[in-house]
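*Asks:* coords_14.cif (mmCIF, C-alpha atoms) pasted underneath:
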data_input
#
loop_
_atom_site.label_atom_id
_atom_site.label_comp_id
_atom_site.auth_asym_id
_atom_site.auth_seq_id
_atom_site.Cartn_x
_atom_site.Cartn_y
_atom_site.Cartn_z
CA MET M 13 282.56 144.59 179.16
CA THR M 14 284.44 141.87 177.50
CA LYS M 15 285.67 139.62 180.26
CA LEU M 16 289.07 140.42 181.72
CA LYS M 17 288.89 137.03 183.35
CA LYS M 18 286.13 134.88 184.81
CA LEU M 19 285.20 136.77 187.92
CA GLY M 20 282.48 134.51 189.27
CA MET M 21 279.25 136.03 190.42
CA THR M 22 279.73 139.53 191.70
CA LEU M 23 277.12 141.74 193.27
CA LEU M 24 278.35 145.09 194.42
CA PHE M 25 276.32 147.91 195.81
CA THR M 26 278.06 151.24 196.24
CA THR M 27 276.24 154.33 197.35
CA THR M 28 277.16 157.83 198.31
CA LEU M 29 275.65 158.87 201.61
CA LEU M 30 272.21 157.26 202.00
CA ALA M 31 270.47 154.93 199.56
CA ALA M 32 267.61 156.56 197.73
CA CYS M 33 264.30 154.92 196.99
CA GLY M 34 263.77 155.09 193.25
CA GLY M 35 265.55 156.41 190.19
CA GLY M 36 265.71 159.98 191.40
CA SER M 37 263.98 162.32 193.75
CA ASN M 38 264.09 165.67 195.45
CA GLU M 39 264.98 165.46 199.13
CA SER M 40 265.11 168.12 201.77
CA GLY M 41 268.63 169.20 202.59
CA GLY M 42 268.50 172.05 205.08
CA ASP M 43 267.32 175.19 203.34
CA SER M 44 267.31 173.62 199.86
CA GLU M 45 266.24 170.48 198.11
CA GLN M 46 268.84 167.93 197.04
CA VAL M 47 268.31 166.15 193.73
CA VAL M 48 269.18 162.45 193.84
CA VAL M 49 270.42 160.74 190.69
CA GLU M 50 270.66 156.94 190.64
CA PHE M 51 273.42 155.54 188.40
CA PHE M 52 273.21 151.82 187.49
CA SER M 53 276.60 150.41 186.46
CA GLN M 54 277.41 146.97 185.03
CA LYS M 55 281.19 147.33 185.26
CA PRO M 56 282.63 146.41 188.68
CA GLU M 57 286.18 147.15 187.53
CA ILE M 58 285.54 150.90 187.59
CA THR M 59 283.51 151.13 190.80
CA THR M 60 286.23 152.92 192.76
CA GLN M 61 287.09 155.31 189.92
CA LEU M 62 283.44 156.12 189.29
CA GLN M 63 282.83 156.78 192.97
CA ASP M 64 285.82 159.11 193.13
CA LEU M 65 284.52 161.01 190.11
CA VAL M 66 281.07 161.31 191.68
CA ASP M 67 282.62 162.60 194.90
CA THR M 68 284.44 165.33 192.97
CA TYR M 69 281.24 166.29 191.15
CA THR M 70 279.06 166.43 194.25
CA GLU M 71 281.65 168.54 196.08
CA GLN M 72 281.22 171.09 193.32
CA ASN M 73 277.43 170.59 193.20
CA PRO M 74 276.23 170.10 196.79
CA ASP M 75 272.58 170.22 195.74
CA VAL M 76 273.05 166.94 193.85
CA ARG M 77 273.60 163.45 195.18
CA VAL M 78 274.63 160.64 192.80
CA ASN M 79 274.11 157.10 194.10
CA ILE M 80 275.93 154.29 192.29
CA THR M 81 274.62 150.73 192.14
CA THR M 82 276.93 148.20 190.48
CA VAL M 83 275.93 144.70 189.44
CA GLY M 84 278.50 142.82 187.39
CA SER M 85 279.65 139.37 186.23
CA GLY M 86 276.91 138.97 183.67
CA GLU M 87 274.14 139.60 186.21
CA GLY M 88 273.74 143.29 185.41
CA SER M 89 271.20 142.92 182.62
CA ALA M 90 268.83 140.87 184.78
CA ALA M 91 269.30 143.23 187.74
CA LEU M 92 268.47 146.25 185.59
CA GLN M 93 265.30 144.56 184.34
CA ALA M 94 264.34 143.81 187.93
CA LYS M 95 264.75 147.48 188.84
CA PHE M 96 262.42 148.55 186.04
CA SER M 97 259.89 145.83 186.96
CA SER M 98 259.83 147.01 190.57
CA GLY M 99 259.47 150.68 189.65
CA ASP M 100 262.92 151.47 191.02
CA GLU M 101 264.17 152.88 187.73
CA PRO M 102 267.63 154.48 187.66
CA ALA M 103 268.23 157.88 186.11
CA LEU M 104 271.48 156.78 184.45
CA MET M 105 272.13 153.26 183.24
CA MET M 106 274.97 151.40 181.60
CA LEU M 107 273.70 149.38 178.63
CA GLY M 108 275.51 146.61 176.79
CA GLY M 109 274.80 147.54 173.19
CA LEU M 110 271.78 147.58 170.91
CA PRO M 111 269.76 144.71 172.44
CA GLU M 112 269.62 146.47 175.82
CA VAL M 113 269.22 149.91 174.30
CA GLU M 114 266.21 148.71 172.33
CA ARG M 115 264.73 147.03 175.41
CA TYR M 116 264.60 150.36 177.26
CA SER M 117 264.07 152.62 174.25
CA ASP M 118 260.70 153.90 175.51
CA SER M 119 262.45 155.24 178.61
CA LEU M 120 265.62 156.64 177.07
CA LEU M 121 266.36 160.26 176.27
CA ASP M 122 267.53 161.38 172.84
CA VAL M 123 271.16 162.15 173.68
CA THR M 124 271.60 164.67 170.89
CA GLU M 125 270.54 167.11 173.63
CA LEU M 126 273.87 166.57 175.40
CA GLU M 127 276.90 168.78 174.98
CA MET M 128 279.26 165.78 174.96
CA THR M 129 277.49 164.19 172.00
CA ASP M 130 279.03 166.74 169.66
CA THR M 131 282.49 165.49 170.59
CA VAL M 132 281.88 161.75 170.00
CA ILE M 133 284.07 160.15 167.33
CA ASP M 134 282.21 159.72 164.05
CA GLY M 135 280.24 156.47 163.99
CA MET M 136 280.51 155.72 167.71
CA LEU M 137 276.89 156.71 168.44
CA GLU M 138 275.69 153.94 166.14
CA GLY M 139 275.84 151.27 168.84
CA GLY M 140 273.29 153.19 170.91
CA THR M 141 270.96 154.23 168.08
CA ILE M 142 267.44 152.85 167.53
CA ASP M 143 265.36 153.92 164.53
CA GLY M 144 267.80 156.72 163.78
CA VAL M 145 267.66 158.20 167.30
CA PRO M 146 270.78 158.01 169.51
CA LEU M 147 269.63 156.83 172.93
CA GLY M 148 272.97 156.30 174.63
CA VAL M 149 276.45 157.80 174.68
CA PRO M 150 279.50 155.54 174.35
CA MET M 151 281.22 155.10 177.68
CA ASN M 152 284.64 154.26 176.22
CA ILE M 153 286.34 152.39 173.40
CA GLU M 154 287.85 148.92 173.29
CA GLY M 155 289.71 147.30 170.43
CA PHE M 156 291.29 143.97 169.64
CA GLY M 157 293.64 142.21 167.25
CA TRP M 158 296.90 140.28 167.55
CA MET M 159 298.70 141.43 170.68
CA TYR M 160 302.40 140.80 170.20
CA ASN M 161 305.57 140.91 172.27
CA LYS M 162 307.84 143.62 170.86
CA GLU M 163 310.99 142.17 172.41
CA ILE M 164 310.41 138.73 170.92
CA PHE M 165 309.73 140.23 167.51
CA GLU M 166 312.89 142.31 167.72
CA LYS M 167 315.05 139.34 168.76
CA ALA M 168 313.68 137.36 165.81
CA GLY M 169 314.38 140.19 163.39
CA VAL M 170 310.69 140.71 162.64
CA ASN M 171 309.70 144.34 162.04
CA PRO M 172 305.96 144.75 162.74
CA ASP M 173 305.86 147.77 160.44
CA ASP M 174 306.71 145.46 157.54
CA ILE M 175 303.56 143.37 158.08
CA GLN M 176 301.37 144.99 155.45
CA SER M 177 299.54 141.90 154.16
CA TYR M 178 298.40 138.44 155.21
CA ASP M 179 301.42 136.93 153.43
CA ASP M 180 303.69 139.21 155.46
CA PHE M 181 301.99 137.97 158.60
CA VAL M 182 302.57 134.34 157.59
CA THR M 183 306.24 135.08 156.93
CA ALA M 184 306.56 136.65 160.38
CA VAL M 185 304.92 133.63 162.01
CA GLU M 186 307.21 131.20 160.20
CA THR M 187 310.27 133.27 161.12
CA LEU M 188 309.28 133.26 164.79
CA ASP M 189 308.59 129.52 164.73
CA SER M 190 311.96 128.76 163.14
CA GLN M 191 313.70 130.45 166.09
CA LYS M 192 311.63 129.05 168.95
CA GLU M 193 314.60 127.62 170.84
CA GLU M 194 316.74 130.74 170.47
CA LEU M 195 313.79 132.94 171.49
CA GLY M 196 312.90 130.70 174.43
CA ILE M 197 309.22 130.50 173.48
CA ASP M 198 306.89 127.51 173.71
CA ALA M 199 305.03 128.47 170.52
CA VAL M 200 304.23 131.48 168.39
CA PHE M 201 300.58 131.73 169.53
CA ALA M 202 298.53 131.13 172.66
CA PHE M 203 295.04 131.45 171.15
CA SER M 204 292.46 130.70 173.87
CA GLY M 205 290.59 127.78 172.35
CA ALA M 206 288.84 127.12 175.65
CA GLU M 207 287.08 130.50 175.83
CA ASN M 208 283.81 131.06 173.96
CA TYR M 209 284.10 134.84 173.98
CA ILE M 210 287.52 134.69 172.29
CA ALA M 211 286.07 132.73 169.37
CA ASN M 212 283.23 135.26 169.29
CA GLN M 213 285.56 138.25 169.18
CA PHE M 214 287.84 136.64 166.61
CA SER M 215 284.87 136.03 164.30
CA ALA M 216 284.16 139.78 164.16
CA ASN M 217 287.28 140.26 162.05
CA PHE M 218 285.47 138.40 159.27
CA THR M 219 281.80 139.23 159.86
CA SER M 220 282.41 142.98 160.08
CA PRO M 221 283.19 143.31 156.34
CA GLU M 222 280.18 141.14 155.50
CA TYR M 223 278.00 143.71 157.26
CA ASP M 224 279.83 146.70 155.76
CA ASN M 225 281.57 147.40 159.08
CA SER M 226 278.23 148.52 160.52
CA ILE M 227 276.83 147.66 163.93
CA LEU M 228 273.31 148.56 162.79
CA GLU M 229 273.49 146.35 159.72
CA SER M 230 274.82 143.42 161.71
CA TYR M 231 272.13 143.87 164.36
CA SER M 232 269.35 143.74 161.76
CA ALA M 233 270.89 140.88 159.74
CA THR M 234 268.83 137.70 159.46
CA GLU M 235 271.60 135.69 157.81
CA LEU M 236 275.33 135.07 158.14
CA ASN M 237 276.77 133.77 154.89
CA TRP M 238 280.47 133.76 155.80
CA GLU M 239 281.36 135.84 152.76
CA TYR M 240 284.84 136.19 154.24
CA GLY M 241 284.99 132.72 155.73
CA ASP M 242 287.98 131.74 153.61
CA GLN M 243 290.04 134.44 155.35
CA MET M 244 288.93 133.16 158.76
CA LYS M 245 289.87 129.60 157.77
CA LYS M 246 293.36 130.66 156.67
CA TYR M 247 294.01 132.39 159.98
CA THR M 248 292.53 129.53 161.98
CA ASP M 249 294.67 126.91 160.25
CA LEU M 250 297.75 129.10 160.69
CA PHE M 251 297.49 129.77 164.41
CA ASN M 252 296.32 126.22 165.15
CA GLN M 253 299.50 124.92 163.51
CA TYR M 254 301.74 127.21 165.57
CA ASN M 255 299.75 127.35 168.83
CA VAL M 256 300.43 125.96 172.28
CA GLN M 257 298.63 122.63 172.33
CA PRO M 258 296.17 121.18 173.09
CA ILE M 259 294.53 124.39 171.91
CA LEU M 260 291.16 123.53 173.43
CA THR M 261 292.69 123.63 176.92
CA ILE M 262 294.12 127.16 176.62
CA ASP M 263 291.98 129.52 178.70
CA TYR M 264 292.37 133.25 179.34
CA SER M 265 294.45 132.81 182.46
CA ARG M 266 297.01 130.53 180.89
CA SER M 267 297.11 132.48 177.62
CA VAL M 268 297.57 135.97 179.07
CA GLU M 269 298.65 135.63 182.70
CA GLU M 270 301.00 132.70 182.28
CA LEU M 271 302.30 132.43 178.70
CA PHE M 272 302.08 135.89 177.12
CA ILE M 273 303.30 138.04 180.00
CA ASN M 274 306.13 135.58 180.76
CA ASP M 275 307.52 135.76 177.20
CA ALA M 276 306.56 132.14 176.45
CA VAL M 277 304.59 133.04 173.30
CA ALA M 278 304.86 135.85 170.79
CA MET M 279 301.16 136.56 170.15
CA VAL M 280 297.64 136.26 171.56
CA HIS M 281 294.34 137.41 170.08
CA GLN M 282 293.10 139.88 172.67
CA GLY M 283 292.06 143.46 173.32
CA ASN M 284 293.29 146.44 175.28
CA TRP M 285 291.09 145.36 178.18
CA ILE M 286 293.95 143.03 179.23
CA VAL M 287 296.10 146.04 180.15
CA PRO M 288 294.87 146.23 183.79
CA THR M 289 295.54 142.50 184.19
CA LEU M 290 299.05 142.89 182.79
CA ASN M 291 299.69 145.98 184.93
CA GLY M 292 298.75 144.01 188.01
CA ILE M 293 301.48 141.47 187.20
CA ASP M 294 304.16 143.57 185.52
CA PRO M 295 303.48 147.32 185.08
CA GLU M 296 306.22 147.57 182.46
CA PHE M 297 304.83 144.97 180.07
CA ALA M 298 301.96 146.90 178.48
CA ALA M 299 303.90 150.15 178.54
CA ASN M 300 307.05 148.85 176.87
CA LYS M 301 306.65 145.36 175.43
CA MET M 302 303.17 145.02 173.94
CA GLY M 303 301.98 146.04 170.49
CA ILE M 304 298.94 145.26 168.35
CA LEU M 305 298.67 143.99 164.78
CA PRO M 306 295.50 144.19 162.67
CA VAL M 307 293.77 141.21 161.08
CA PHE M 308 293.44 141.01 157.30
CA GLY M 309 289.81 139.91 157.46
CA GLU M 310 288.41 141.39 154.27
CA ASN M 311 291.27 140.44 151.97
CA ASP M 312 295.00 139.82 152.12
CA GLU M 313 295.89 143.53 151.91
CA THR M 314 293.30 145.30 154.12
CA GLY M 315 294.16 145.02 157.80
CA LYS M 316 291.91 146.39 160.54
CA ILE M 317 291.60 146.46 164.28
CA ILE M 318 288.08 145.78 165.51
CA ALA M 319 287.07 148.61 167.82
CA GLY M 320 283.97 150.14 169.31
CA ALA M 321 282.08 150.97 172.48
CA PRO M 322 281.26 147.97 174.70
CA TRP M 323 278.94 150.04 176.92
CA TYR M 324 276.53 152.93 176.38
CA ILE M 325 275.15 155.22 179.07
CA GLY M 326 271.46 156.00 178.77
CA ILE M 327 269.39 158.65 180.56
CA ASN M 328 265.90 157.85 181.83
CA LYS M 329 263.60 160.55 180.44
CA ASN M 330 260.54 159.38 182.40
CA LEU M 331 261.67 160.63 185.81
CA ASP M 332 261.14 164.05 187.41
CA GLU M 333 262.39 166.86 185.22
CA ALA M 334 264.87 168.00 187.86
CA VAL M 335 266.40 164.52 188.03
CA VAL M 336 266.67 164.25 184.24
CA GLU M 337 268.36 167.65 184.02
CA GLU M 338 270.88 166.75 186.73
CA ALA M 339 271.59 163.38 185.08
CA LYS M 340 272.32 165.19 181.81
CA ALA M 341 274.52 167.70 183.61
CA PHE M 342 276.55 164.98 185.29
CA ILE M 343 277.23 163.10 182.03
CA ASP M 344 278.22 166.31 180.26
CA TRP M 345 280.56 167.17 183.14
CA MET M 346 282.03 163.64 183.17
CA TYR M 347 283.01 163.83 179.51
CA THR M 348 283.67 167.54 178.87
CA SER M 349 285.11 169.03 182.08
CA GLU M 350 288.86 169.02 182.62
CA GLU M 351 288.43 166.94 185.78
CA GLY M 352 286.29 164.40 183.98
CA LYS M 353 288.49 164.15 180.90
CA THR M 354 291.59 163.70 183.02
CA ALA M 355 289.92 160.94 185.04
CA ILE M 356 288.81 159.15 181.86
CA VAL M 357 292.38 158.58 180.69
CA GLU M 358 294.37 158.65 183.96
CA GLU M 359 292.07 156.98 186.49
CA PHE M 360 289.74 154.84 184.38
CA ASN M 361 292.53 154.13 181.85
CA PHE M 362 289.88 154.32 179.12
CA VAL M 363 290.35 154.83 175.42
CA PRO M 364 288.03 157.84 175.07
CA ALA M 365 285.12 157.71 172.62
CA GLN M 366 285.53 161.41 171.90
CA GLU M 367 287.72 163.55 169.72
CA GLY M 368 289.99 166.16 171.23
CA TYR M 369 292.35 164.05 173.30
CA GLU M 370 296.09 164.09 172.78
CA VAL M 371 297.03 160.58 171.69
CA ASP M 372 300.00 160.42 174.05
CA SER M 373 297.72 161.21 177.00
CA ILE M 374 296.16 157.74 176.70
CA SER M 375 297.51 155.18 179.13
CA ASP M 376 299.46 152.70 176.96
CA PRO M 377 300.79 152.38 173.39
CA VAL M 378 298.21 149.80 172.27
CA SER M 379 295.31 151.95 173.47
CA GLN M 380 296.91 154.93 171.76
CA GLN M 381 297.07 152.99 168.48
CA ILE M 382 293.41 151.98 168.80
CA TYR M 383 292.36 155.58 169.43
CA GLN M 384 294.34 156.83 166.43
CA ALA M 385 292.91 154.09 164.20
CA LEU M 386 289.41 155.18 165.19
CA LEU M 387 290.14 158.81 164.43
CA ASP M 388 291.53 157.75 161.04
CA GLY M 389 288.50 155.56 160.22
CA GLU M 390 290.65 152.44 159.98
CA THR M 391 288.74 150.08 162.28
CA GLY M 392 286.14 147.37 161.84
CA ALA M 393 282.86 147.14 163.76
CA MET M 394 282.07 145.08 166.85
CA THR M 395 279.63 142.89 164.95
CA HIS M 396 280.14 140.06 167.44
CA LYS M 397 278.07 141.96 169.99
CA GLN M 398 275.07 142.01 167.64
CA TYR M 399 274.70 138.27 166.96
CA PRO M 400 271.43 136.53 167.95
CA ASP M 401 271.13 135.98 171.69
CA GLY M 402 272.96 132.82 172.72
CA TRP M 403 274.28 132.04 169.24
CA PHE M 404 278.00 132.35 169.93
CA GLN M 405 277.75 130.29 173.13
CA GLN M 406 275.47 127.58 171.79
CA VAL M 407 276.50 127.36 168.13
CA LEU M 408 279.59 129.31 167.07
CA PHE M 409 281.91 128.24 169.87
CA PRO M 410 281.17 124.48 169.93
CA GLU M 411 281.33 124.28 166.14
CA TYR M 412 284.59 126.23 166.08
CA GLN M 413 286.07 123.91 168.70
CA LYS M 414 285.06 120.92 166.58
CA TYR M 415 286.94 122.40 163.63
CA LEU M 416 290.01 123.22 165.73
CA ASN M 417 289.99 119.63 166.97
CA GLY M 418 289.68 118.20 163.46
CA ASP M 419 286.23 116.75 164.05
CA ILE M 420 284.42 118.60 161.25
CA SER M 421 285.32 120.26 157.95
CA TRP M 422 285.31 124.03 157.44
CA GLU M 423 282.35 123.58 155.11
CA ASP M 424 280.45 121.92 157.96
CA PHE M 425 281.45 124.72 160.33
CA GLU M 426 280.06 127.38 157.98
CA ALA M 427 276.87 125.45 157.21
CA ASN M 428 276.10 124.63 160.84
CA THR M 429 276.77 128.11 162.16
CA SER M 430 274.87 129.82 159.33
CA LYS M 431 271.83 127.67 159.99
CA GLY M 432 272.02 128.34 163.72
CA PHE M 433 272.30 132.07 163.07
CA ALA M 434 269.18 132.16 160.93
CA ASP M 435 267.22 129.90 163.29
CA MET M 436 268.07 131.95 166.39
CA ARG M 437 267.55 135.38 164.83
#
If you convert what's in this file into structure tokens, what do you get?
*Replies:*
Amino acid sequence: MTKLKKLGMTLLFTTTLLAACGGGSNESGGDSEQVVVEFFSQKPEITTQLQDLVDTYTEQNPDVRVNITTVGSGEGSAALQAKFSSGDEPALMMLGGLPEVERYSDSLLDVTELEMTDTVIDGMLEGGTIDGVPLGVPMNIEGFGWMYNKEIFEKAGVNPDDIQSYDDFVTAVETLDSQKEELGIDAVFAFSGAENYIANQFSANFTSPEYDNSILESYSATELNWEYGDQMKKYTDLFNQYNVQPILTIDYSRSVEELFINDAVAMVHQGNWIVPTLNGIDPEFAANKMGILPVFGENDETGKIIAGAPWYIGINKNLDEAVVEEAKAFIDWMYTSEEGKTAIVEEFNFVPAQEGYEVDSISDPVSQQIYQALLDGETGAMTHKQYPDGWFQQVLFPEYQKYLNGDISWEDFEANTSKGFADMR
């Protein structure tokens, strides 16, 4: 997942009952055999919720045991590779987008066989599709844009519904800045110039239209030409002018946990993944005070929220048939049963990747807006997850910081990052 905050290295192992040896097996259980399904997760934040869901499932299906192994904090990909190298392949695995899906494509089941696949929101299977075959189901949806403080906007007389263009956005920013003292804010923005993944996510607002809002097209792209770079420059110059400074020192913690939630700034560029963090500090903030504005990345009149699935769940087709069938059954139950669907929105606090949910059943207003935008086809693609390996850390972020600091021109930023993109692809 996109980082909620820097967690440090985390290695969690959670199992139900006894640990099994291998991705799945049939074990004696009294008069019948028990099928063991190994589930490899890369998301520590949902370990408890996932375990509770498994417990409910296995109570209803006593002939099945689901063991969960969780490895997070960026170590999951390497741990999953190690499992495959050792022959300890899981039956179910959480995969971080097309690079990982392609890596295990020879082992992954075509998920069109699943009942839940028919309910997935149009386009959301794309991030798990290789050579036209969907090999993973989207676990959930995340989206990002300008998170804003409704109370601050209201006090300033800014109606978010009136922001229908980039010029409207600029007017709102200038209005907020002109009332800083009356509003009690330090600045309009707290953009996290110290975080590489924030620069990466922000860039997707402008690379998504270049790649026709397609994950597959962005994944196969050999060039980045910054066709919409002028829009990115306008936004960058705007928020840098009205940001808490020095901008390069603003990290996630200060931006979200200190400034935004304490009404010290009006806006941050973030996603709905910050809701659990906010709830842990002030449960009323996300529910009552936070909204989301789109970015006009393609032109001054077309605003979009970037949204998509950060994780896909794949099924290992190379294991015993009984294990594969039970793995399929569990995923279908997780996403189509009443118990599973309720847990998705109430326990996991996910934005579901499927149609058929009541919008007001989703946990908070921002997540509700993201879900509705997806249903309406009004979102951009998570192209930032398809860049060449290491490019945003080694090239995009340092070059973007140089521009924010006034060390290079925008023309240099585009030229340097375009060259790095092509070289690293």
*Asks:* For a quick check of understanding, using all atoms listed in the file, which of M:Gln366, M:Gln191, M:Thr141, M:Asn291 has the smallest distance to Gln384 of chain M?
*Replies:*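 Looking only at the distances to Gln384 of chain M, the closest residue turns out to be M:Gln366.
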*Asks:* For the structure shown, which residues end up in the PyMOL selection byres ((chain M and resi 53-62) around 6)? Put them as a PyMOL selection string, please?
*Replies:* chain M and resi 52+63-65+82-84+88+106
*Asks:* Which residues of segment 289-399 of chain M sit at most 10 Å from segment 243-261 of chain M, using all atoms listed in the file? Give each one's shortest atom pair and distance in Å (one decimal place), in chain and ascending residue order, as a tab-separated table.
*Replies:*
residue	atom	partner	partner_atom	distance
M:Val307	CA	M:Tyr247	CA	8.9
M:Phe308	CA	M:Gln243	CA	7.7
M:Gly309	CA	M:Gln243	CA	5.9
M:Glu310	CA	M:Gln243	CA	7.2
M:Asn311	CA	M:Gln243	CA	7.0
M:Asp312	CA	M:Gln243	CA	8.0
*Asks:* Residue by residue, what does the PyMOL selection byres ((chain M and resi 114-123) around 8) grab here? Present the result as a list in words.
*Replies:* Leu110, Pro111, Glu112, Val113, Thr124, Glu125, Leu126, Thr129, Ile142, Val145, Pro146, Leu147, Gly148, Val149, Gly326, Ile327, Asn328, Lys329 and Asn330 of chain M
*Asks:* Go ahead and save the picked residues with C-alpha atoms, as a JSON list (two decimals), in the coordinates of the input.
*Replies:*
[["chain", "number", "residue", "atom", "x", "y", "z"],
["M", 110, "LEU", "CA", 271.78, 147.58, 170.91],
["M", 111, "PRO", "CA", 269.76, 144.71, 172.44],
["M", 112, "GLU", "CA", 269.62, 146.47, 175.82],
["M", 113, "VAL", "CA", 269.22, 149.91, 174.30],
["M", 124, "THR", "CA", 271.60, 164.67, 170.89],
["M", 125, "GLU", "CA", 270.54, 167.11, 173.63],
["M", 126, "LEU", "CA", 273.87, 166.57, 175.40],
["M", 129, "THR", "CA", 277.49, 164.19, 172.00],
["M", 142, "ILE", "CA", 267.44, 152.85, 167.53],
["M", 145, "VAL", "CA", 267.66, 158.20, 167.30],
["M", 146, "PRO", "CA", 270.78, 158.01, 169.51],
["M", 147, "LEU", "CA", 269.63, 156.83, 172.93],
["M", 148, "GLY", "CA", 272.97, 156.30, 174.63],
["M", 149, "VAL", "CA", 276.45, 157.80, 174.68],
["M", 326, "GLY", "CA", 271.46, 156.00, 178.77],
["M", 327, "ILE", "CA", 269.39, 158.65, 180.56],
["M", 328, "ASN", "CA", 265.90, 157.85, 181.83],
["M", 329, "LYS", "CA", 263.60, 160.55, 180.44],
["M", 330, "ASN", "CA", 260.54, 159.38, 182.40]]
*Asks:* On this structure, which residues satisfy the PyMOL selection byres ((chain M and resi 210) around 12), written as a ChimeraX atom specification?
*Replies:* /M:14-17,156-158,202-209,211-217,260,262-264,267,280-283,396,404-405,408-409,412-413
*Asks:* At what distance in Å, to one decimal, does atom CA of Pro322 of chain M lie from atom CA of Gly135 of chain M?
*Replies:* 13.7 Å
*Asks:* Find the distance between atom CA of Lys431 of chain M and atom CA of Gly392 of chain M and write it in Å to one decimal.
*Replies:* 24.4 Å
*Asks:* So how far away is atom CA of Ser379 of chain M from atom CA of Thr68 of chain M, in Å?
*Replies:*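 If I compute the distance from atom CA of Thr68 of chain M to atom CA of Ser379 of chain M, I get 26.0 Å.
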*Asks:* Need to verify the contact set: Met346 of chain M, 9 Å, all atoms listed in the file, exclusion of same-chain residues closer than 4 positions in sequence. Can you return it as a CSV table (one decimal) with C-alpha atoms, in the frame of the given file?
*Replies:*
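Written output follows (around06.csv):
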chain,number,residue,atom,x,y,z
M,65,LEU,CA,284.5,161.0,190.1
M,66,VAL,CA,281.1,161.3,191.7
M,69,TYR,CA,281.2,166.3,191.2
M,128,MET,CA,279.3,165.8,175.0
M,341,ALA,CA,274.5,167.7,183.6
M,342,PHE,CA,276.6,165.0,185.3
M,350,GLU,CA,288.9,169.0,182.6
M,351,GLU,CA,288.4,166.9,185.8
M,352,GLY,CA,286.3,164.4,184.0
M,353,LYS,CA,288.5,164.2,180.9
M,355,ALA,CA,289.9,160.9,185.0
M,356,ILE,CA,288.8,159.2,181.9
*Asks:* Mind listing as a list in words all residues within 12 Å of (267.1, 169.5, 184.9), counting only C-alpha atoms?
*Replies:*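 Selection result: Gly36, Ser37, Asn38, Val47, Val48, Val49, Val76, Ala103, Ile327, Lys329, Leu331, Asp332, Glu333, Ala334, Val335, Val336, Glu337, Glu338, Ala339, Lys340, Ala341 and Phe342 of chain M.
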*Asks:* Tell me which protein, DNA and RNA residues are within 12 Å of Ala434 of chain M, counting all atoms listed in the file, leaving out same-chain ones fewer than 3 positions away, and put them as an MDAnalysis selection string.
*Replies:* chainID M and resid 232:237 399:401 403 407 427:431 437
*Asks:* Could you write out that same residue set with C-alpha atoms as an mmCIF file, keeping the file's coordinate frame?
*Replies:*
data_model
loop_
_atom_site.group_PDB
_atom_site.id
_atom_site.type_symbol
_atom_site.label_atom_id
_atom_site.label_comp_id
_atom_site.auth_asym_id
_atom_site.auth_seq_id
_atom_site.Cartn_x
_atom_site.Cartn_y
_atom_site.Cartn_z
ATOM 1 C CA SER M 232 269.350 143.740 161.760
ATOM 2 C CA ALA M 233 270.890 140.880 159.740
ATOM 3 C CA THR M 234 268.830 137.700 159.460
ATOM 4 C CA GLU M 235 271.600 135.690 157.810
ATOM 5 C CA LEU M 236 275.330 135.070 158.140
ATOM 6 C CA ASN M 237 276.770 133.770 154.890
ATOM 7 C CA TYR M 399 274.700 138.270 166.960
ATOM 8 C CA PRO M 400 271.430 136.530 167.950
ATOM 9 C CA ASP M 401 271.130 135.980 171.690
ATOM 10 C CA TRP M 403 274.280 132.040 169.240
ATOM 11 C CA VAL M 407 276.500 127.360 168.130
ATOM 12 C CA ALA M 427 276.870 125.450 157.210
ATOM 13 C CA ASN M 428 276.100 124.630 160.840
ATOM 14 C CA THR M 429 276.770 128.110 162.160
ATOM 15 C CA SER M 430 274.870 129.820 159.330
ATOM 16 C CA LYS M 431 271.830 127.670 159.990
ATOM 17 C CA ARG M 437 267.550 135.380 164.830
#
*Asks:* Counting only C-alpha atoms, which of M:Ser89, M:Gln46, M:Glu296, M:Gly140 gets nearest to Asn73 of chain M?
*Replies:* M:Gln46
*Asks:* Compare M:Ile153, M:Ile175, M:Ile420, M:Met159 by their minimum atom-to-atom distance to Gly320 of chain M, counting only C-alpha atoms, and give me the closest one.
*Replies:* M:Ile153
*Asks:* Measuring atom to atom with only C-alpha atoms, identify which of M:Ala199, M:Val182, M:Met394, M:Ala91 is nearest to Glu138 of chain M.
*Replies:*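 Ranked by minimum distance to Glu138 of chain M, first place goes to M:Met394.
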*Asks:* Identify which of the residues M:Glu193, M:Asp143, M:Asp224, M:Asp294 lies closest to Ala168 of chain M, counting all atoms listed in the file when measuring atom-to-atom distances.
*Replies:*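 Between M:Glu193, M:Asp143, M:Asp224, M:Asp294, the residue approaching Ala168 of chain M most closely is M:Glu193.
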*Asks:* Restricting the calculation to all atoms listed in the file, which member of M:Trp238, M:Tyr383, M:Tyr160, M:Tyr324 is positioned closest to Asn300 of chain M?
*Replies:*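 The shortest atom-to-atom distance to Asn300 of chain M comes from M:Tyr160.
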*Asks:* Any idea what's packed within 8 Å of Ser230 of chain M, counting only C-alpha atoms, ignoring anything in its chain fewer than 3 positions away? Could you give it as a list in words?
*Replies:*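 After dropping sequence-adjacent residues, the list is Ser220, Tyr223, Ser226, Ile227, Ala233, Thr395, Gln398 and Tyr399 of chain M.
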